[in-house]
Every structure is written in structure tokens, then in C-alpha cells.
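K.L.:
I'd like to ask some things about the structure below.
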Amino acid sequence: MTIHVDLVVDAKGLTCPMPIVRTKKAMEQLQPGQVLEVQATDKGSLADIQGWAKNTGHQYIGTIEEGDVLKHYLRKANPTEVKEETKYPHVVSLEELQKKVENNEQVFILDVREEAEYVFGHIPGAYHIPLGQLEERLNELNKDETIYVICRTGNRSDLAAQQLAEKGFTRVFNVIPGMTQWQGTITKGGNEQ
């Protein structure tokens, strides 16, 4: 199958948020209706690209996996279809979350990174649902509980927090900047729940 593309972005070897950063920049070069191919090796890029497209009005066409490379296809929206990219308004600093954890406060932390990222180091007790699985696993979460959503840098967690809010979760906070700056204890391995 051959897909006509107008521009190819090489994001192979890059992790969140760089595939999205490059996608945004490339999208500015395209005319409405043109197709962008984003080549990435970060498995989390699938959910990132889908969430970004939904958030901005650009059309996510699909993804083809060729070996270790994910080829994501997006169509640039017409000006009337483009939405102002929004950020989730309720945020908490990583330092504030770390203090809660260190003070043994009861906090529910939702880690939306990919499995490999989670296994190599996460906040003890964090519940793991990768962003790409969040919608199908919402029933695992309590709408009445305060949820602190974390990822690597704050981008995926922003998309996850928006998804949760759209589904009626009212006590959700995006933790920024994310695990790249976490100074507290980490646990390695799979989910503890």
C-alpha cells in the first residue's frame, strides 16, 4: 500500500515530547488537506499523535507499523476546522506532589507512560494505565477520587487529564513537569495493584 504524503518528519529515536514538537512545526509548513507522515520509534507516540490531532482539529488518518517504526499519518485541517490547542487548566507542581508522597498522604497517582517507561522507574504505589489504553480502562478509576496524572514531561498527562475531565472526572490534576524531574523514591517493575 502506497500512501501519498506531502511531507515526512523523522522522529525516530526521539521520546515525548519531541515527536509532537516536530509534528507541530511540520504542520505549519503544510497547506490544508495535505498529508504529513511522522516516523517514530517511541511506542507512546501513537497515543500522543492521536491526542494532539483531536486537541487541534487536524485529522489523524492512521498508523502503520513497519518493524520498529511507527508511521503516523495526519491531514492538515482547513482553517475552519483548526481548534486552538488547549492545556488542561488544573495543574500541580511535581514538588507539591513529592511533598504529599513524602508526608505519606493518601494520594492516587495515575502514571500514563508506556509500559517500558513505567517498569524502569515509577513513584511507589502509582497506578499504571498507558495513555493509549485510558479510554478503555476508565472503569478502573474512581470518579470521586482526586487523581494526580503524571507522565515523562507533562504532555501525555495533560492529554490524559483532558480525557478524564471530558468523561466526568472532576478532581484531576496534571503533574508538571513529570518524571524527568522526580527527585523522590522510585520503584522498578510492574504494577503493584
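Scheme for the C-alpha cells: letters A, B, ... for chains in order shown; per-chain residue numbers from 1; ligand numbers from 1 in order shown.
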Determine which residues of chain A DSSP labels as alpha helix (DSSP H) from the backbone of this structure, then write them out as a count of residues only.
P.N.:
50
K.L.:
Do you know which residues are at most 12 Å from Glu136 (chain A) counting only C-alpha atoms, after dropping those on the same chain fewer than 4 positions away, and could you put them as JSON, numbers by chain?
P.N.:
{"A": [129, 130, 131, 132, 140, 141, 163, 164, 167]}
K.L.:
If you count only C-alpha atoms, which residues fall within 10 Å of His122 (chain A), apart from same-chain ones fewer than 5 positions away, as a PyMOL selection string?
P.N.:
chain A and resi 111+113+117+127-128+150-151+179+182+184-191
K.L.:
So which residues of region 12-186 of chain A fall under strand (DSSP E) by DSSP, listed as a count of residues only?
P.N.:
39
K.L.:
Skip Gly178 (chain A) itself and residues of its chain fewer than 2 positions away, then list as a PyMOL selection string all residues within 8 Å of it, counting only C-alpha atoms.
P.N.:
chain A and resi 94+150-154+175-176+180-182
K.L.:
List the neighbours of region 28-43 of chain A out to 8 Å using only C-alpha atoms; skip same-chain residues closer than 3 positions along the sequence, and give me the result as a count of residues only.
P.N.:
31
K.L.:
So the first atom is CA of Ile109 (chain A) and the second is CA of Lys54 (chain A); what is the distance between them in Å, to one decimal place?
P.N.:
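Rounded to one decimal, the two atoms are 24.7 Å apart.
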K.L.:
Provide the CA of Glu81 (chain A) to CA of Gln133 (chain A) distance in Å, to one decimal place.
P.N.:
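Rounded to one decimal, the two atoms are 26.5 Å apart.
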K.L.:
In terms of the shortest atom-to-atom distance over only C-alpha atoms, which of A:Gln183, A:Ile64, A:Gly51, A:Asn155 is closest to Leu134 (chain A)?
P.N.:
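For Leu134 (chain A), the nearest of the candidates is A:Gly51.
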K.L.:
As an exercise, work out the distance from CA of Ala165 (chain A) to CA of Pro124 (chain A) in Å and give it to one decimal place.
P.N.:
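Straight-line distance from CA of Ala165 (chain A) to CA of Pro124 (chain A) works out to 24.8 Å.
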K.L.:
My list of candidates is A:Pro17, A:Gly62, A:Gly67, A:Gly57. Which is closest to Lys83 (chain A) when distances are computed with only C-alpha atoms?
P.N.:
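Going through A:Pro17, A:Gly62, A:Gly67, A:Gly57 one by one, the smallest distance to Lys83 (chain A) is for A:Gly57.
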